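A quick write-up on the structure given underneath.
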Amino acid sequence: MQREPLVFVGTCDLAGLVRGKGFPAADLAARLREGVGLTHSNIMMSVFGPIYETPFGTEGDLVLLPDPSTKVEVEFGDGAAERFYLADIMTLDGKPWECCPRDFLRRALAALESEAGLTLMAAFEQEFVYTGVEDRPGATYALDAWRRQGDFGEAYMAALRMAGLKPDSFLPEYGARQYEVTIHPSRWLRVADEAVIQREMARAVAHRFGHRAIFAPILDPDGVGNGTHIHFSLRDRHDRPALYDAARPYCLSPIGEHFATGIVQHLPFITAITAPAAASYFRLRPNRWAPTWANLGQQDRGASLRVCPIFGEPAAERFNLEYRVADAAASPYLALGAVVWAGLDGIRQKCTLPPPARNFWDMSEAEREAAGVRPLPRSLGDALDNLEASAVARGWFGDTTFFKAYLQFKRAELRALKGLVPAQICERYAAVH
């Protein structure tokens, strides 16, 4: 049987899914110049498939323009290679469309650089469930769980490297059949591009083994969730570390403190972007090794923003923070963009942290709130209400069209789940992510 190579071009959209179009590889040169056609309402395709609501209707045309730097071509030796590019959504006159997720991040990073003289170095740490192993008691972090995944891990690491990423670690995690992968940090849009590729390579390899890599926020409402943690540091205009100061609280430089405080203060509404599924909030509950309060913690995995330990020297080069209120229901472009916008607002407002208090978990809830620490939203609906009420967030979206479309998109998703119990909600997301 003869085959003609095909190439896929897509973007990781509001549903956190890579969607787009394919074409013959012979047409690649032209497509890199001209892109492929798209319509405005494509961005309103729900995580479950249908377009429940759209402010755009049936009119209008856009262009999905591949970014050559995102090229992925990974051969698996079975005649079915992974060939795809990630893309910007452009208007017909060659400008970024106001609702393009990739441009949401691009604008945030550009503002951080122009206003504060800073660039971001970051990487996504992602957890998923691999269906190719049996769940056994005692498998948490165990060599047994490592052994029983067979060739998957090695094939996955090879696929990541062939796709242009630099793997850092692969390990069995805390949950049933759960694994985690990390990659080395990168910069600019490449951070989110690599997060998307990281997920898609896991899915591609699992598919070829006859299984799935499931990145849904949580599969069982009473179980362990899949987090997508964002590790980041800041660099100045001379490419020097800008986040670290050993003499200050939390080892945060003044501008690092402003950035971190901005994130903490805006957590009650940026969760609507970084943890954007109804099931996300089953994960963000007490005793789940997941955050429940909008706080900064020193080497505390229960904190929303964690000051990570330093391994090796020089300390300033290795120092980083970890944003822990994210999962793979979010587009990495929107999640990272929200973190950057929030941190930049902290710099703009010169926000400062209160002095480090006694052990956070020894405090009562009333004491935490009296100290100015707020609980995270308990549901996606609450987070969306917080987002809608935020004038600063409206400005991040660059135009009221995108802001309103995002709120409409997520609220329609909630209505599609109305009447379902938590286990059914988890099942719906697990079938997709």
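The way I read the labels, and the way they are meant: chains A, B, ... in the order of the structure tokens, residue 1 as the first residue of every chain, and ligand 1 as the first ligand shown, with later ones counted on from there.
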Contacts of range 423-429 of chain A at 6 Å (only C-alpha atoms; same-chain gap of 5+ positions) as a list in words: Ala216, Leu219, Pro221 and Ala279 of chain A
Contacts of Trp293 in chain A at 7 Å (only C-alpha atoms; same-chain gap of 4+ positions) as a list in words: Ala303, Ser304, Arg374, Pro375 and Leu376 of chain A
Contacts of range 328-331 of chain A within 8 Å, only C-alpha atoms, excl. fewer than 4 positions in-chain, as a PyMOL selection string: chain A and resi 12-17+101+126+215-217+226-228+273-277+280+335+433
Residues near range 358-368 of chain A, cut-off 10 Å, only C-alpha atoms, skip fewer than 2 positions along chain, as a list in words: Trp293, Asn295, Leu296, Gly297, Asp300, Gly302, Ala303, Pro355, Pro356, Ala370, Ala371, Gly372, Val373, Arg374 and Pro375 of chain A
So that I have them on file, write out the residues from the current selection with N, CA, C and O atoms, as a PDB file, in the first residue's frame.
ATOM      1  N   TRP A 293      -4.880  26.986  49.342  1.00  0.00           N
ATOM      2  CA  TRP A 293      -4.812  28.385  49.751  1.00  0.00           C
ATOM      3  C   TRP A 293      -3.917  29.160  48.784  1.00  0.00           C
ATOM      4  O   TRP A 293      -2.981  28.604  48.205  1.00  0.00           O
ATOM      5  N   ASN A 295      -1.174  30.985  48.619  1.00  0.00           N
ATOM      6  CA  ASN A 295      -0.038  31.314  49.483  1.00  0.00           C
ATOM      7  C   ASN A 295       1.293  30.952  48.848  1.00  0.00           C
ATOM      8  O   ASN A 295       1.370  30.153  47.911  1.00  0.00           O
ATOM      9  N   LEU A 296       2.341  31.570  49.383  1.00  0.00           N
ATOM     10  CA  LEU A 296       3.715  31.245  49.044  1.00  0.00           C
ATOM     11  C   LEU A 296       4.285  30.404  50.171  1.00  0.00           C
ATOM     12  O   LEU A 296       4.114  30.743  51.347  1.00  0.00           O
ATOM     13  N   GLY A 297       4.938  29.309  49.857  1.00  0.00           N
ATOM     14  CA  GLY A 297       5.502  28.429  50.875  1.00  0.00           C
ATOM     15  C   GLY A 297       6.946  28.092  50.597  1.00  0.00           C
ATOM     16  O   GLY A 297       7.333  27.903  49.433  1.00  0.00           O
ATOM     17  N   ASP A 300       7.327  23.902  50.292  1.00  0.00           N
ATOM     18  CA  ASP A 300       6.074  23.323  50.784  1.00  0.00           C
ATOM     19  C   ASP A 300       5.206  22.946  49.592  1.00  0.00           C
ATOM     20  O   ASP A 300       4.705  23.805  48.878  1.00  0.00           O
ATOM     21  N   GLY A 302       2.320  21.879  49.598  1.00  0.00           N
ATOM     22  CA  GLY A 302       0.924  22.238  49.799  1.00  0.00           C
ATOM     23  C   GLY A 302       0.641  23.679  49.443  1.00  0.00           C
ATOM     24  O   GLY A 302      -0.515  24.116  49.477  1.00  0.00           O
ATOM     25  N   ALA A 303       1.689  24.431  49.106  1.00  0.00           N
ATOM     26  CA  ALA A 303       1.531  25.844  48.775  1.00  0.00           C
ATOM     27  C   ALA A 303       1.176  26.001  47.296  1.00  0.00           C
ATOM     28  O   ALA A 303       1.532  25.176  46.457  1.00  0.00           O
ATOM     29  N   PRO A 355       5.604  39.509  56.365  1.00  0.00           N
ATOM     30  CA  PRO A 355       6.731  38.757  56.929  1.00  0.00           C
ATOM     31  C   PRO A 355       6.374  37.282  57.069  1.00  0.00           C
ATOM     32  O   PRO A 355       5.216  36.931  57.327  1.00  0.00           O
ATOM     33  N   PRO A 356       7.320  36.390  56.866  1.00  0.00           N
ATOM     34  CA  PRO A 356       7.039  34.954  57.036  1.00  0.00           C
ATOM     35  C   PRO A 356       6.436  34.668  58.407  1.00  0.00           C
ATOM     36  O   PRO A 356       6.933  35.123  59.434  1.00  0.00           O
ATOM     37  N   ALA A 370      -6.993  36.086  58.579  1.00  0.00           N
ATOM     38  CA  ALA A 370      -6.625  37.323  59.286  1.00  0.00           C
ATOM     39  C   ALA A 370      -5.247  37.801  58.848  1.00  0.00           C
ATOM     40  O   ALA A 370      -4.969  39.015  58.858  1.00  0.00           O
ATOM     41  N   ALA A 371      -4.387  36.871  58.434  1.00  0.00           N
ATOM     42  CA  ALA A 371      -3.053  37.225  57.947  1.00  0.00           C
ATOM     43  C   ALA A 371      -3.066  37.637  56.480  1.00  0.00           C
ATOM     44  O   ALA A 371      -2.010  37.901  55.893  1.00  0.00           O
ATOM     45  N   GLY A 372      -4.259  37.677  55.875  1.00  0.00           N
ATOM     46  CA  GLY A 372      -4.384  38.115  54.493  1.00  0.00           C
ATOM     47  C   GLY A 372      -4.280  37.015  53.460  1.00  0.00           C
ATOM     48  O   GLY A 372      -4.193  37.295  52.259  1.00  0.00           O
ATOM     49  N   VAL A 373      -4.290  35.750  53.909  1.00  0.00           N
ATOM     50  CA  VAL A 373      -4.216  34.622  52.978  1.00  0.00           C
ATOM     51  C   VAL A 373      -5.635  34.172  52.652  1.00  0.00           C
ATOM     52  O   VAL A 373      -6.440  33.931  53.548  1.00  0.00           O
ATOM     53  N   ARG A 374      -5.916  34.055  51.362  1.00  0.00           N
ATOM     54  CA  ARG A 374      -7.268  33.681  50.939  1.00  0.00           C
ATOM     55  C   ARG A 374      -7.307  32.233  50.448  1.00  0.00           C
ATOM     56  O   ARG A 374      -6.338  31.746  49.856  1.00  0.00           O
ATOM     57  N   PRO A 375      -8.423  31.565  50.684  1.00  0.00           N
ATOM     58  CA  PRO A 375      -8.553  30.211  50.126  1.00  0.00           C
ATOM     59  C   PRO A 375      -8.703  30.272  48.617  1.00  0.00           C
ATOM     60  O   PRO A 375      -9.188  31.271  48.067  1.00  0.00           O
TER      61      PRO A 375
END
Residues within 9 Å of range 258-272 of chain A, only C-alpha atoms, excluding chain neighbours under 5 positions, as a VMD selection string: chain A and resid 243 252 to 253 277 293 to 296 304 to 305 321 323 325 to 326 335 338 to 353 373 to 377 380 to 390 393 410
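What separates CA of Arg177 in chain A from CA of Thr140 in chain A is a distance of 8.6 Å.
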Which of range 26-175 of chain A fall in helix (DSSP H, G or I), as number ranges by chain: A: 26-34, 40-44, 68-70, 101-116, 143-148, 152-162
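In this model, the gap between CA of Ala247 in chain A and CA of Arg187 in chain A comes to 27.2 Å.
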Range 178-248 of chain A residues near range 109-119 of chain A within 7 Å, closest pair each, using only C-alpha atoms, as JSON lines:
{"residue": "A:Trp188", "atom": "CA", "partner": "A:Leu109", "partner_atom": "CA", "distance": 6.9}
{"residue": "A:Leu234", "atom": "CA", "partner": "A:Thr119", "partner_atom": "CA", "distance": 5.8}
{"residue": "A:Arg235", "atom": "CA", "partner": "A:Thr119", "partner_atom": "CA", "distance": 5.2}
{"residue": "A:Asp236", "atom": "CA", "partner": "A:Leu118", "partner_atom": "CA", "distance": 4.7}
{"residue": "A:Arg237", "atom": "CA", "partner": "A:Gly117", "partner_atom": "CA", "distance": 5.5}
Residue with smallest distance to Arg3 in chain A - pool A:Leu64, A:Phe232, A:Ala81, A:Ala123, counting only C-alpha atoms: A:Ala81
Residues of range 244-356 of chain A in strand (DSSP E), written as a PyMOL selection string: chain A and resi 293-294+296-298+305-307+321-323
Store the residues of this selection in a file with N, CA, C and O atoms, as an mmCIF file, in the first residue's frame.
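Contents of the output file part-v2.cif:
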data_model
loop_
_atom_site.group_PDB
_atom_site.id
_atom_site.type_symbol
_atom_site.label_atom_id
_atom_site.label_comp_id
_atom_site.auth_asym_id
_atom_site.auth_seq_id
_atom_site.Cartn_x
_atom_site.Cartn_y
_atom_site.Cartn_z
ATOM 1 N N TRP A 293 -4.880 26.986 49.342
ATOM 2 C CA TRP A 293 -4.812 28.385 49.751
ATOM 3 C C TRP A 293 -3.917 29.160 48.784
ATOM 4 O O TRP A 293 -2.981 28.604 48.205
ATOM 5 N N ALA A 294 -4.211 30.439 48.613
ATOM 6 C CA ALA A 294 -3.405 31.307 47.754
ATOM 7 C C ALA A 294 -2.204 31.802 48.550
ATOM 8 O O ALA A 294 -2.215 32.909 49.101
ATOM 9 N N LEU A 296 2.341 31.570 49.383
ATOM 10 C CA LEU A 296 3.715 31.245 49.044
ATOM 11 C C LEU A 296 4.285 30.404 50.171
ATOM 12 O O LEU A 296 4.114 30.743 51.347
ATOM 13 N N GLY A 297 4.938 29.309 49.857
ATOM 14 C CA GLY A 297 5.502 28.429 50.875
ATOM 15 C C GLY A 297 6.946 28.092 50.597
ATOM 16 O O GLY A 297 7.333 27.903 49.433
ATOM 17 N N GLN A 298 7.731 28.012 51.657
ATOM 18 C CA GLN A 298 9.141 27.647 51.535
ATOM 19 C C GLN A 298 9.257 26.132 51.457
ATOM 20 O O GLN A 298 9.008 25.420 52.435
ATOM 21 N N LEU A 305 2.270 28.577 45.486
ATOM 22 C CA LEU A 305 3.527 29.000 44.882
ATOM 23 C C LEU A 305 4.638 28.553 45.823
ATOM 24 O O LEU A 305 4.684 28.965 46.984
ATOM 25 N N ARG A 306 5.506 27.708 45.326
ATOM 26 C CA ARG A 306 6.506 27.041 46.173
ATOM 27 C C ARG A 306 7.900 27.561 45.878
ATOM 28 O O ARG A 306 8.310 27.625 44.710
ATOM 29 N N VAL A 307 8.622 27.915 46.928
ATOM 30 C CA VAL A 307 10.047 28.219 46.808
ATOM 31 C C VAL A 307 10.788 26.887 46.787
ATOM 32 O O VAL A 307 10.768 26.140 47.776
ATOM 33 N N LEU A 321 10.957 29.205 41.385
ATOM 34 C CA LEU A 321 9.654 29.054 42.022
ATOM 35 C C LEU A 321 8.822 28.068 41.215
ATOM 36 O O LEU A 321 9.034 27.883 40.013
ATOM 37 N N GLU A 322 7.861 27.453 41.892
ATOM 38 C CA GLU A 322 6.990 26.456 41.262
ATOM 39 C C GLU A 322 5.538 26.866 41.462
ATOM 40 O O GLU A 322 5.053 26.933 42.597
ATOM 41 N N TYR A 323 4.853 27.119 40.363
ATOM 42 C CA TYR A 323 3.422 27.407 40.401
ATOM 43 C C TYR A 323 2.672 26.082 40.317
ATOM 44 O O TYR A 323 2.812 25.331 39.354
#
